[in-house]
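What's in run27.txt: compact mmCIF, C-alpha atoms and all ligand atoms
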# COMPACT_ATOMS: atom_id res chain seq x y z
CA MET A 1224 9.18 6.49 1.35
CA THR A 1225 12.51 8.14 1.00
CA GLY A 1226 15.83 6.86 2.27
CA THR A 1227 15.24 5.18 5.58
CA GLU A 1228 11.75 6.54 6.08
CA ALA A 1229 9.11 3.94 6.90
CA PRO A 1230 6.15 3.27 4.62
CA THR A 1231 2.71 4.69 5.26
CA TRP A 1232 1.57 2.41 8.05
CA ALA A 1233 4.87 2.40 9.92
CA ARG A 1234 5.27 6.14 10.06
CA THR A 1235 4.12 9.22 12.02
CA SER A 1236 6.64 9.77 14.79
CA GLN A 1237 10.09 9.11 16.06
CA ALA A 1238 8.80 5.85 17.49
CA ALA A 1239 7.64 4.89 14.02
CA ALA A 1240 11.01 5.78 12.53
CA ARG A 1241 12.42 3.04 14.76
CA ALA A 1242 9.55 0.74 13.88
CA GLY A 1243 11.38 -0.95 11.08
CA ARG A 1244 14.13 -2.24 13.31
CA GLU A 1245 12.88 -5.82 13.59
CA LEU A 1246 11.89 -5.93 9.93
CA ARG A 1247 15.32 -4.64 8.90
CA LYS A 1248 16.99 -7.45 10.87
CA ARG A 1249 15.22 -10.05 8.72
CA TYR A 1250 17.14 -9.27 5.51
CA THR A 1251 20.66 -8.63 4.30
CA ALA A 1252 22.25 -7.07 1.22
CA ALA A 1253 22.52 -10.58 -0.28
CA ASP A 1254 18.71 -10.68 -0.47
CA LEU A 1255 18.71 -7.81 -2.97
CA SER A 1256 19.41 -10.39 -5.66
CA VAL A 1257 15.68 -11.21 -5.56
CA PHE A 1258 14.98 -7.96 -7.44
CA SER A 1259 14.45 -8.16 -11.19
CA PRO A 1260 16.60 -5.72 -13.22
CA GLU A 1261 13.58 -3.38 -13.50
CA GLU A 1262 13.05 -3.48 -9.75
CA ALA A 1263 16.73 -3.01 -8.99
CA ARG A 1264 16.84 0.07 -11.25
CA ARG A 1265 14.13 1.65 -9.14
CA PHE A 1266 14.85 0.38 -5.63
CA VAL A 1267 18.68 0.24 -5.66
CA PRO A 1268 19.54 2.86 -8.30
CA GLN A 1269 23.14 3.18 -7.08
CA GLY A 1270 23.57 -0.57 -7.57
CA ALA A 1271 23.97 -1.26 -3.84
CA GLY A 1272 21.93 -0.87 -0.69
CA ASP A 1273 21.51 -2.33 2.76
CA PRO A 1274 18.10 -3.38 4.08
CA GLN A 1275 19.60 -3.55 7.57
CA THR A 1276 19.76 0.25 7.54
CA ASN A 1277 17.19 1.16 4.87
CA VAL A 1278 13.68 0.22 5.94
CA THR A 1279 12.23 1.06 2.53
CA LEU A 1280 14.35 -1.69 1.02
CA ALA A 1281 13.34 -4.02 3.83
CA TRP A 1282 9.64 -3.53 2.95
CA GLU A 1283 10.34 -4.27 -0.71
CA LEU A 1284 12.15 -7.47 0.31
CA LEU A 1285 9.26 -8.43 2.59
CA TYR A 1286 6.89 -8.27 -0.41
CA ARG A 1287 9.13 -10.64 -2.37
CA LEU A 1288 10.57 -12.97 0.28
CA GLU A 1289 7.78 -13.22 2.85
CA PRO A 1290 4.63 -12.17 0.97
CA GLU A 1291 2.31 -14.20 3.21
CA LEU A 1292 3.69 -12.44 6.29
CA TYR A 1293 3.03 -9.09 4.64
CA ASP A 1294 -0.49 -10.22 3.69
CA ARG A 1295 -1.28 -11.17 7.29
CA LEU A 1296 -0.44 -7.62 8.34
CA ALA A 1297 -2.30 -5.89 5.49
CA SER A 1298 -5.35 -8.12 6.03
CA ALA A 1299 -5.57 -6.93 9.63
CA GLU A 1300 -5.45 -3.22 8.74
CA HIS A 1301 -8.90 -2.50 7.35
CA LEU A 1302 -9.59 0.74 5.53
CA HIS A 1303 -12.10 3.12 7.05
CA PRO A 1304 -15.45 2.30 5.36
CA GLY A 1305 -15.91 6.02 4.61
CA VAL A 1306 -12.82 5.99 2.40
CA VAL A 1307 -14.13 3.17 0.23
CA ALA A 1308 -17.69 4.55 0.18
CA SER A 1309 -16.50 7.92 -1.09
CA LEU A 1310 -14.80 6.49 -4.19
CA PRO A 1311 -16.75 6.70 -7.47
CA GLN A 1312 -19.03 3.73 -8.03
CA ASP A 1313 -20.96 2.21 -10.91
CA VAL A 1314 -18.25 3.31 -13.32
CA ASP A 1315 -16.89 1.60 -16.38
CA ARG A 1316 -13.19 1.19 -15.52
CA ILE A 1317 -10.99 1.50 -12.47
CA ALA A 1318 -7.18 1.26 -12.45
CA GLU A 1319 -5.42 0.57 -9.16
CA VAL A 1320 -1.65 0.98 -8.85
CA GLY A 1321 0.44 -0.88 -6.26
CA ALA A 1322 -2.47 -3.22 -5.56
CA GLY A 1323 -0.46 -5.56 -3.33
CA THR A 1324 -2.52 -8.50 -2.10
CA GLY A 1325 -5.79 -6.71 -2.75
CA ARG A 1326 -6.86 -4.92 0.41
CA LEU A 1327 -8.49 -2.25 -1.77
CA THR A 1328 -8.86 -4.28 -4.99
CA LEU A 1329 -11.47 -6.59 -3.47
CA GLU A 1330 -13.51 -3.54 -2.44
CA LEU A 1331 -13.38 -2.18 -5.99
CA ILE A 1332 -14.81 -5.25 -7.75
CA ASP A 1333 -18.43 -4.17 -7.48
CA ARG A 1334 -17.79 -0.50 -8.22
CA ALA A 1335 -16.86 -0.96 -11.89
CA ARG A 1336 -17.45 -3.21 -14.86
CA ARG A 1337 -13.70 -3.70 -15.20
CA VAL A 1338 -10.83 -3.23 -12.76
CA VAL A 1339 -7.14 -3.35 -13.65
CA ALA A 1340 -4.82 -3.97 -10.70
CA VAL A 1341 -1.18 -3.04 -11.41
CA GLU A 1342 1.40 -4.54 -9.05
CA PRO A 1343 5.18 -4.93 -9.55
CA ALA A 1344 5.92 -7.68 -7.00
CA LEU A 1345 5.24 -11.14 -8.46
CA PRO A 1346 4.62 -12.89 -5.11
CA LEU A 1347 1.97 -10.31 -4.23
CA ARG A 1348 0.33 -10.67 -7.65
CA ARG A 1349 0.09 -14.43 -6.99
CA ILE A 1350 -1.71 -13.91 -3.69
CA LEU A 1351 -4.00 -11.32 -5.25
CA ARG A 1352 -4.92 -13.70 -8.10
CA ARG A 1353 -5.67 -16.44 -5.56
CA LYS A 1354 -8.04 -14.14 -3.68
CA LEU A 1355 -9.74 -12.99 -6.86
CA THR A 1356 -10.36 -16.58 -7.92
CA ALA A 1357 -12.26 -17.10 -4.67
CA ALA A 1358 -14.14 -13.79 -4.82
CA ASP A 1359 -17.57 -13.16 -6.33
CA ASN A 1360 -17.07 -11.36 -9.66
CA GLY A 1361 -13.30 -11.65 -9.23
CA ASP A 1362 -13.03 -12.19 -12.98
CA ARG A 1363 -13.80 -8.50 -13.48
CA VAL A 1364 -10.25 -7.78 -12.28
CA SER A 1365 -7.16 -8.11 -14.51
CA VAL A 1366 -3.90 -8.22 -12.61
CA MET A 1367 -0.92 -6.70 -14.43
CA HIS A 1368 2.75 -6.13 -13.83
CA GLY A 1369 3.80 -2.48 -13.81
CA PHE A 1370 5.20 0.51 -11.94
CA PHE A 1371 3.88 4.00 -11.17
CA ASP A 1372 6.34 5.66 -13.51
CA ARG A 1373 5.36 3.49 -16.48
CA LEU A 1374 1.79 2.29 -16.29
CA PRO A 1375 0.85 -0.37 -18.84
CA LEU A 1376 -2.39 1.42 -19.73
CA PRO A 1377 -3.48 3.84 -22.46
CA ASP A 1378 -4.34 7.52 -22.05
CA ASP A 1379 -7.80 8.28 -20.58
CA PHE A 1380 -8.30 4.59 -19.73
CA ALA A 1381 -10.11 4.75 -16.39
CA ASP A 1382 -12.83 6.67 -14.59
CA LEU A 1383 -10.93 6.21 -11.33
CA VAL A 1384 -7.18 5.75 -10.91
CA VAL A 1385 -6.33 4.93 -7.32
CA ALA A 1386 -3.41 3.89 -5.11
CA CYS A 1387 -3.72 2.73 -1.51
CA SER A 1388 -0.75 2.97 0.84
CA ALA A 1389 1.60 2.74 -2.13
CA PHE A 1390 2.21 6.20 -3.63
CA THR A 1391 4.79 8.58 -2.18
CA PRO A 1392 6.63 11.63 -3.57
CA ALA A 1393 9.80 9.52 -3.88
CA ALA A 1394 10.54 8.60 -7.50
CA GLU A 1395 10.77 4.86 -6.79
CA HIS A 1396 7.26 4.86 -5.31
CA GLY A 1397 5.57 7.32 -7.62
CA GLY A 1398 6.93 10.86 -7.41
CA GLU A 1399 6.20 13.50 -10.04
CA GLY A 1400 6.45 10.96 -12.85
CA GLY A 1401 4.10 8.52 -11.15
CA LEU A 1402 1.46 11.15 -10.41
CA ALA A 1403 1.63 12.34 -14.03
CA GLU A 1404 1.17 8.73 -15.15
CA MET A 1405 -1.88 8.25 -12.92
CA GLU A 1406 -3.39 11.44 -14.34
CA ARG A 1407 -2.53 10.36 -17.89
CA VAL A 1408 -4.51 7.13 -17.63
CA CYS A 1409 -7.46 8.87 -15.96
CA ARG A 1410 -10.12 10.17 -18.36
CA PRO A 1411 -11.12 13.86 -18.40
CA GLY A 1412 -13.66 14.34 -15.61
CA GLY A 1413 -12.38 11.20 -13.87
CA CYS A 1414 -10.87 10.98 -10.41
CA VAL A 1415 -7.32 10.25 -9.23
CA ALA A 1416 -7.27 9.13 -5.59
CA ILE A 1417 -4.47 8.47 -3.13
CA ILE A 1418 -5.63 6.54 -0.07
CA TRP A 1419 -3.65 6.76 3.18
CA PRO A 1420 -1.31 9.43 1.77
CA ASN A 1421 1.88 10.07 3.67
CA HIS A 1422 2.85 13.47 2.26
CA LEU A 1423 -0.38 15.41 2.13
CA GLU A 1424 1.08 18.87 1.52
CA TRP A 1425 2.93 17.54 -1.51
CA LEU A 1426 -0.38 16.40 -3.01
CA VAL A 1427 -2.24 19.58 -1.96
CA THR A 1428 0.29 21.73 -3.80
CA ARG A 1429 -0.51 19.64 -6.89
CA GLY A 1430 -4.23 20.38 -6.73
CA TYR A 1431 -5.42 17.48 -4.55
CA GLN A 1432 -8.19 17.86 -1.97
CA TYR A 1433 -8.16 15.99 1.28
CA VAL A 1434 -10.74 14.26 3.43
CA SER A 1435 -10.30 12.38 6.71
CA PHE A 1436 -12.98 10.13 8.20
CA PRO A 1437 -13.40 10.18 11.99
CA GLY A 1438 -13.93 7.43 14.55
CA ALA A 1439 -11.96 4.91 16.58
CA MET A 1440 -10.06 2.37 14.49
CA SER A 1441 -8.22 -0.81 15.43
CA VAL A 1442 -5.98 -3.27 13.67
CA GLU A 1443 -7.93 -6.53 13.69
CA PHE A 1444 -5.38 -9.33 13.88
CA GLY A 1445 -6.57 -12.90 13.32
CA SER A 1446 -6.03 -13.86 16.96
CA TYR A 1447 -4.33 -12.62 20.12
CA PRO A 1448 -1.20 -14.77 19.44
CA GLU A 1449 -1.03 -13.27 15.96
CA ALA A 1450 -1.34 -9.76 17.39
CA VAL A 1451 1.65 -10.47 19.66
CA GLU A 1452 3.68 -12.08 16.87
CA LEU A 1453 3.06 -9.36 14.26
CA ALA A 1454 3.50 -6.52 16.74
CA GLY A 1455 6.90 -8.01 17.61
CA ILE A 1456 7.92 -7.77 13.96
CA PHE A 1457 6.21 -4.62 12.72
CA PHE A 1458 5.58 -2.56 15.87
CA PRO A 1459 8.26 -3.63 18.35
CA ASP A 1460 7.91 -0.47 20.44
CA ALA A 1461 4.28 -1.40 21.11
CA ALA A 1462 4.81 -5.15 21.57
CA ASP A 1463 4.62 -5.06 25.39
CA LYS A 1464 1.42 -3.03 25.32
CA VAL A 1465 -0.12 -5.45 22.82
CA ARG A 1466 0.79 -8.36 25.08
CA ARG A 1467 -0.74 -6.64 28.11
CA LEU A 1468 -3.89 -5.72 26.18
CA GLY A 1469 -4.65 -9.40 25.76
CA ARG A 1470 -6.86 -8.93 22.70
CA ARG A 1471 -6.72 -9.55 18.97
CA ASP A 1472 -7.93 -6.03 18.09
CA VAL A 1473 -5.42 -3.31 18.85
CA PRO A 1474 -6.13 0.44 18.46
CA PHE A 1475 -3.92 2.05 15.81
CA GLN A 1476 -3.00 4.58 18.49
CA VAL A 1477 -1.44 1.84 20.63
CA LEU A 1478 0.71 0.78 17.66
CA GLY A 1479 1.77 4.40 17.08
CA ILE A 1480 0.56 4.66 13.48
CA ASN A 1481 -2.08 6.76 11.78
CA PRO A 1482 -5.16 4.76 10.78
CA PRO A 1483 -6.15 4.32 7.12
CA ARG A 1484 -8.83 7.01 7.30
CA ASP A 1485 -7.42 9.61 4.86
CA LEU A 1486 -8.05 10.19 1.19
CA ALA A 1487 -6.51 12.73 -1.19
CA PHE A 1488 -8.20 13.13 -4.55
CA LYS A 1489 -8.38 15.26 -7.67
CA VAL A 1490 -11.19 15.36 -10.21
CA LEU A 1491 -9.59 16.07 -13.58
CA ALA A 1492 -11.01 18.82 -15.79
CA ALA A 1493 -13.69 17.46 -18.13
C1 LIG B 1501 2.17 -1.13 1.47
S1 LIG B 1501 1.86 -2.00 0.06
C2 LIG B 1501 0.15 -1.62 -0.23
C3 LIG B 1501 -0.53 -2.64 -1.06
C4 LIG B 1501 -2.02 -2.44 -1.24
N1 LIG B 1501 -2.30 -1.27 -2.04
C5 LIG B 1501 -2.71 -2.36 0.07
O1 LIG B 1501 -3.22 -1.31 0.43
O2 LIG B 1501 -2.73 -3.37 0.76
C6 LIG B 1501 2.73 -1.03 -1.15
C7 LIG B 1501 2.58 -1.61 -2.53
O3 LIG B 1501 3.16 -0.73 -3.49
C8 LIG B 1501 3.85 -1.52 -4.44
N2 LIG B 1501 4.88 -0.69 -5.08
C9 LIG B 1501 6.12 -0.38 -4.61
N3 LIG B 1501 6.77 0.36 -5.51
C10 LIG B 1501 5.95 0.53 -6.57
C11 LIG B 1501 6.06 1.20 -7.83
N4 LIG B 1501 7.16 1.87 -8.16
N5 LIG B 1501 5.03 1.16 -8.68
C12 LIG B 1501 3.88 0.51 -8.33
N6 LIG B 1501 3.72 -0.15 -7.16
C13 LIG B 1501 4.73 -0.14 -6.28
C14 LIG B 1501 4.42 -2.64 -3.62
O4 LIG B 1501 4.83 -3.74 -4.42
C15 LIG B 1501 3.26 -2.94 -2.70
O5 LIG B 1501 2.34 -3.83 -3.27
Exercise: express the given structure as structure tokens:
Amino acid sequence: MTGTEAPTWARTSQAAARAGRELRKRYTAADLSVFSPEEARRFVPQGAGDPQTNVTLAWELLYRLEPELYDRLASAEHLHPGVVASLPQDVDRIAEVGAGTGRLTLELIDRARRVVAVEPALPLRRILRRKLTAADNGDRVSVMHGFFDRLPLPDDFADLVVACSAFTPAAEHGGEGGLAEMERVCRPGGCVAIIWPNHLEWLVTRGYQYVSFPGAMSVEFGSYPEAVELAGIFFPDAADKVRRLGRRDVPFQVLGINPPRDLAFKVLAA
């Protein structure tokens, strides 16, 4: 996510570049005061910014000001089962970065003896902890504060280090420093994985392989009224089509976004 570019799920085309317009209207520059000094250093490095024109900032404000709204969207966008199935399993330790409200984290619980979920936004960590409390074996997961560029984990810590819809080449959302950090905490012979990558060539030039899983995929909103409501906020260009469709499940294609079917990964030298 650079400048006014939309995050992974709100991207792919000119239509998607406009997709943040309703989200951007929800916040103003005054809302930037919600950022901690550490967050402000990363997300508003010049000391000022305007979420009305910068959709990246608007997403960061969404995580902090309306985390439940964000969670309703993320909960509807299920990962392709092939993506999850192809991650290492029965390993000792997994580290996830930018865990959000746990879309991937909950899938990781039974793949490792210990999972560390790193997430900078406090309101999202709270929701994630709530879900883990209710989940079988949720106590295998430790939730920690941290950022891509400074992971609170030792060298060679995990067998799998993974980010889902969170890493981008932009410094504030990973970048060179963040990728180096993910590789630092991954043990030799372990795997670093980026799910739903938005700049594939960037990762390929850094030694990452790529796999995409086929098949029709839909966003599964909780109900038809929720589909209409959330489309109006997150996919305004598709809102009329969603209304006409009359269903709670809406093909990603209709919303104009690429489905979460892609995985970039690198197995580190042993
Ligand atoms: C689109 S959400 C994805 C959350 C979750 N991984 C999922 O798939 O539902 C992006 C996440 O990246 C986190 N994030 C943003 N900047 C970050 C950074 N510099 N370091 C680590 N995480 C970051 C956000 O707080 C948010 O939880």
Problem set entry | Shell of 6 Å around ligand LIG 1501 (chain B) (all atoms listed in the file), written as a VMD selection string | chain A and resid 1297 1320 to 1327 1342 to 1344 1370 to 1371 1387 to 1389 1395 to 1397
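Of the listed residues A:Gly1369, A:Leu1383, A:Leu1296, A:Gly1438, the one whose atoms come nearest to A:Arg1334 is A:Leu1383, with distances taken using only C-alpha atoms.
A straight line drawn from atom CA of A:Ser1446 to atom CA of A:Ile1418 is 26.6 Å long.
Using only C-alpha atoms, the smallest distance between any of A:Ala1450, A:Ile1350, A:Ala1281, A:Leu1345 and A:Asp1294 comes from A:Ile1350.
Comparing the minimum interatomic distances between A:Asp1315 and each of A:Ala1381, A:Ala1271, A:Leu1478, A:Val1366, counting only C-alpha atoms, we find that A:Ala1381 sits nearest.
Coordinates place atom CA of A:Ala1308 at a distance of 13.3 Å from atom CA of A:Ala1335.
Nearest residue to A:Arg1244 among A:Glu1399, A:Phe1390, A:Leu1423, A:Ile1456 is A:Ile1456, counting all atoms listed in the file.
Distances from A:Leu1285, A:Leu1331, A:Val1306, A:Val1384 to A:Ser1435 were compared using all atoms listed in the file, and the smallest one belongs to A:Val1306.
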Stretch 1354-1379 of chain A from the block above, N, CA, C and O atoms, as a PDB file, in the first residue's frame, please?
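Contents of out-v4.pdb, freshly written:
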ATOM      1  N   LYS A1354     -11.596 -13.939  20.249  1.00  0.00           N
ATOM      2  CA  LYS A1354     -11.866 -15.126  19.430  1.00  0.00           C
ATOM      3  C   LYS A1354     -11.041 -16.310  19.903  1.00  0.00           C
ATOM      4  O   LYS A1354     -11.524 -17.449  19.904  1.00  0.00           O
ATOM      5  N   LEU A1355      -9.814 -16.047  20.315  1.00  0.00           N
ATOM      6  CA  LEU A1355      -8.945 -17.143  20.756  1.00  0.00           C
ATOM      7  C   LEU A1355      -9.464 -17.762  22.042  1.00  0.00           C
ATOM      8  O   LEU A1355      -9.363 -18.971  22.252  1.00  0.00           O
ATOM      9  N   THR A1356     -10.024 -16.917  22.909  1.00  0.00           N
ATOM     10  CA  THR A1356     -10.586 -17.430  24.166  1.00  0.00           C
ATOM     11  C   THR A1356     -11.706 -18.422  23.871  1.00  0.00           C
ATOM     12  O   THR A1356     -11.875 -19.416  24.585  1.00  0.00           O
ATOM     13  N   ALA A1357     -12.444 -18.179  22.810  1.00  0.00           N
ATOM     14  CA  ALA A1357     -13.578 -19.048  22.477  1.00  0.00           C
ATOM     15  C   ALA A1357     -13.163 -20.246  21.628  1.00  0.00           C
ATOM     16  O   ALA A1357     -13.952 -21.176  21.442  1.00  0.00           O
ATOM     17  N   ALA A1358     -11.925 -20.229  21.113  1.00  0.00           N
ATOM     18  CA  ALA A1358     -11.526 -21.287  20.168  1.00  0.00           C
ATOM     19  C   ALA A1358     -10.898 -22.481  20.877  1.00  0.00           C
ATOM     20  O   ALA A1358     -10.212 -22.313  21.890  1.00  0.00           O
ATOM     21  N   ASP A1359     -11.109 -23.677  20.325  1.00  0.00           N
ATOM     22  CA  ASP A1359     -10.406 -24.856  20.841  1.00  0.00           C
ATOM     23  C   ASP A1359      -8.905 -24.633  20.680  1.00  0.00           C
ATOM     24  O   ASP A1359      -8.457 -24.207  19.615  1.00  0.00           O
ATOM     25  N   ASN A1360      -8.140 -24.929  21.717  1.00  0.00           N
ATOM     26  CA  ASN A1360      -6.680 -24.775  21.691  1.00  0.00           C
ATOM     27  C   ASN A1360      -6.212 -23.342  21.439  1.00  0.00           C
ATOM     28  O   ASN A1360      -5.068 -23.116  21.046  1.00  0.00           O
ATOM     29  N   GLY A1361      -7.109 -22.379  21.686  1.00  0.00           N
ATOM     30  CA  GLY A1361      -6.738 -20.974  21.467  1.00  0.00           C
ATOM     31  C   GLY A1361      -5.577 -20.538  22.349  1.00  0.00           C
ATOM     32  O   GLY A1361      -4.875 -19.572  22.019  1.00  0.00           O
ATOM     33  N   ASP A1362      -5.364 -21.279  23.455  1.00  0.00           N
ATOM     34  CA  ASP A1362      -4.256 -20.888  24.347  1.00  0.00           C
ATOM     35  C   ASP A1362      -2.884 -21.226  23.769  1.00  0.00           C
ATOM     36  O   ASP A1362      -1.868 -20.871  24.344  1.00  0.00           O
ATOM     37  N   ARG A1363      -2.855 -21.875  22.624  1.00  0.00           N
ATOM     38  CA  ARG A1363      -1.558 -22.090  21.954  1.00  0.00           C
ATOM     39  C   ARG A1363      -1.037 -20.798  21.315  1.00  0.00           C
ATOM     40  O   ARG A1363       0.104 -20.720  20.898  1.00  0.00           O
ATOM     41  N   VAL A1364      -1.917 -19.805  21.190  1.00  0.00           N
ATOM     42  CA  VAL A1364      -1.552 -18.572  20.483  1.00  0.00           C
ATOM     43  C   VAL A1364      -1.226 -17.461  21.475  1.00  0.00           C
ATOM     44  O   VAL A1364      -2.021 -17.163  22.368  1.00  0.00           O
ATOM     45  N   SER A1365      -0.055 -16.830  21.329  1.00  0.00           N
ATOM     46  CA  SER A1365       0.264 -15.615  22.080  1.00  0.00           C
ATOM     47  C   SER A1365       0.095 -14.440  21.134  1.00  0.00           C
ATOM     48  O   SER A1365       0.613 -14.471  20.015  1.00  0.00           O
ATOM     49  N   VAL A1366      -0.602 -13.435  21.604  1.00  0.00           N
ATOM     50  CA  VAL A1366      -0.826 -12.239  20.775  1.00  0.00           C
ATOM     51  C   VAL A1366       0.122 -11.150  21.255  1.00  0.00           C
ATOM     52  O   VAL A1366       0.156 -10.834  22.451  1.00  0.00           O
ATOM     53  N   MET A1367       0.883 -10.572  20.339  1.00  0.00           N
ATOM     54  CA  MET A1367       1.889  -9.571  20.720  1.00  0.00           C
ATOM     55  C   MET A1367       1.758  -8.316  19.879  1.00  0.00           C
ATOM     56  O   MET A1367       1.339  -8.364  18.723  1.00  0.00           O
ATOM     57  N   HIS A1368       2.181  -7.214  20.494  1.00  0.00           N
ATOM     58  CA  HIS A1368       2.267  -5.955  19.755  1.00  0.00           C
ATOM     59  C   HIS A1368       3.561  -5.942  18.953  1.00  0.00           C
ATOM     60  O   HIS A1368       4.606  -6.392  19.438  1.00  0.00           O
ATOM     61  N   GLY A1369       3.527  -5.435  17.727  1.00  0.00           N
ATOM     62  CA  GLY A1369       4.768  -5.321  16.970  1.00  0.00           C
ATOM     63  C   GLY A1369       4.495  -4.921  15.533  1.00  0.00           C
ATOM     64  O   GLY A1369       3.343  -4.886  15.088  1.00  0.00           O
ATOM     65  N   PHE A1370       5.578  -4.590  14.839  1.00  0.00           N
ATOM     66  CA  PHE A1370       5.505  -4.135  13.446  1.00  0.00           C
ATOM     67  C   PHE A1370       6.462  -4.973  12.597  1.00  0.00           C
ATOM     68  O   PHE A1370       7.467  -5.486  13.104  1.00  0.00           O
ATOM     69  N   PHE A1371       6.191  -5.031  11.300  1.00  0.00           N
ATOM     70  CA  PHE A1371       7.057  -5.780  10.383  1.00  0.00           C
ATOM     71  C   PHE A1371       8.530  -5.413  10.547  1.00  0.00           C
ATOM     72  O   PHE A1371       9.388  -6.270  10.532  1.00  0.00           O
ATOM     73  N   ASP A1372       8.789  -4.117  10.642  1.00  0.00           N
ATOM     74  CA  ASP A1372      10.190  -3.679  10.590  1.00  0.00           C
ATOM     75  C   ASP A1372      10.936  -3.909  11.902  1.00  0.00           C
ATOM     76  O   ASP A1372      12.147  -3.686  11.974  1.00  0.00           O
ATOM     77  N   ARG A1373      10.206  -4.345  12.945  1.00  0.00           N
ATOM     78  CA  ARG A1373      10.861  -4.601  14.229  1.00  0.00           C
ATOM     79  C   ARG A1373      10.083  -5.691  14.957  1.00  0.00           C
ATOM     80  O   ARG A1373       9.311  -5.401  15.878  1.00  0.00           O
ATOM     81  N   LEU A1374      10.280  -6.911  14.560  1.00  0.00           N
ATOM     82  CA  LEU A1374       9.497  -8.000  15.141  1.00  0.00           C
ATOM     83  C   LEU A1374      10.024  -8.352  16.526  1.00  0.00           C
ATOM     84  O   LEU A1374      11.245  -8.460  16.719  1.00  0.00           O
ATOM     85  N   PRO A1375       9.118  -8.545  17.468  1.00  0.00           N
ATOM     86  CA  PRO A1375       9.539  -8.797  18.855  1.00  0.00           C
ATOM     87  C   PRO A1375       9.865 -10.275  19.081  1.00  0.00           C
ATOM     88  O   PRO A1375       9.396 -10.891  20.036  1.00  0.00           O
ATOM     89  N   LEU A1376      10.669 -10.833  18.192  1.00  0.00           N
ATOM     90  CA  LEU A1376      10.978 -12.267  18.238  1.00  0.00           C
ATOM     91  C   LEU A1376      12.455 -12.482  17.950  1.00  0.00           C
ATOM     92  O   LEU A1376      13.060 -11.718  17.177  1.00  0.00           O
ATOM     93  N   PRO A1377      13.044 -13.542  18.519  1.00  0.00           N
ATOM     94  CA  PRO A1377      14.474 -13.794  18.290  1.00  0.00           C
ATOM     95  C   PRO A1377      14.767 -14.389  16.911  1.00  0.00           C
ATOM     96  O   PRO A1377      13.854 -14.859  16.226  1.00  0.00           O
ATOM     97  N   ASP A1378      16.036 -14.399  16.553  1.00  0.00           N
ATOM     98  CA  ASP A1378      16.473 -15.027  15.300  1.00  0.00           C
ATOM     99  C   ASP A1378      16.034 -16.495  15.282  1.00  0.00           C
ATOM    100  O   ASP A1378      16.002 -17.156  16.334  1.00  0.00           O
ATOM    101  N   ASP A1379      15.733 -17.005  14.103  1.00  0.00           N
ATOM    102  CA  ASP A1379      15.461 -18.443  13.891  1.00  0.00           C
ATOM    103  C   ASP A1379      14.322 -18.959  14.778  1.00  0.00           C
ATOM    104  O   ASP A1379      14.309 -20.133  15.148  1.00  0.00           O
TER     105      ASP A1379
END
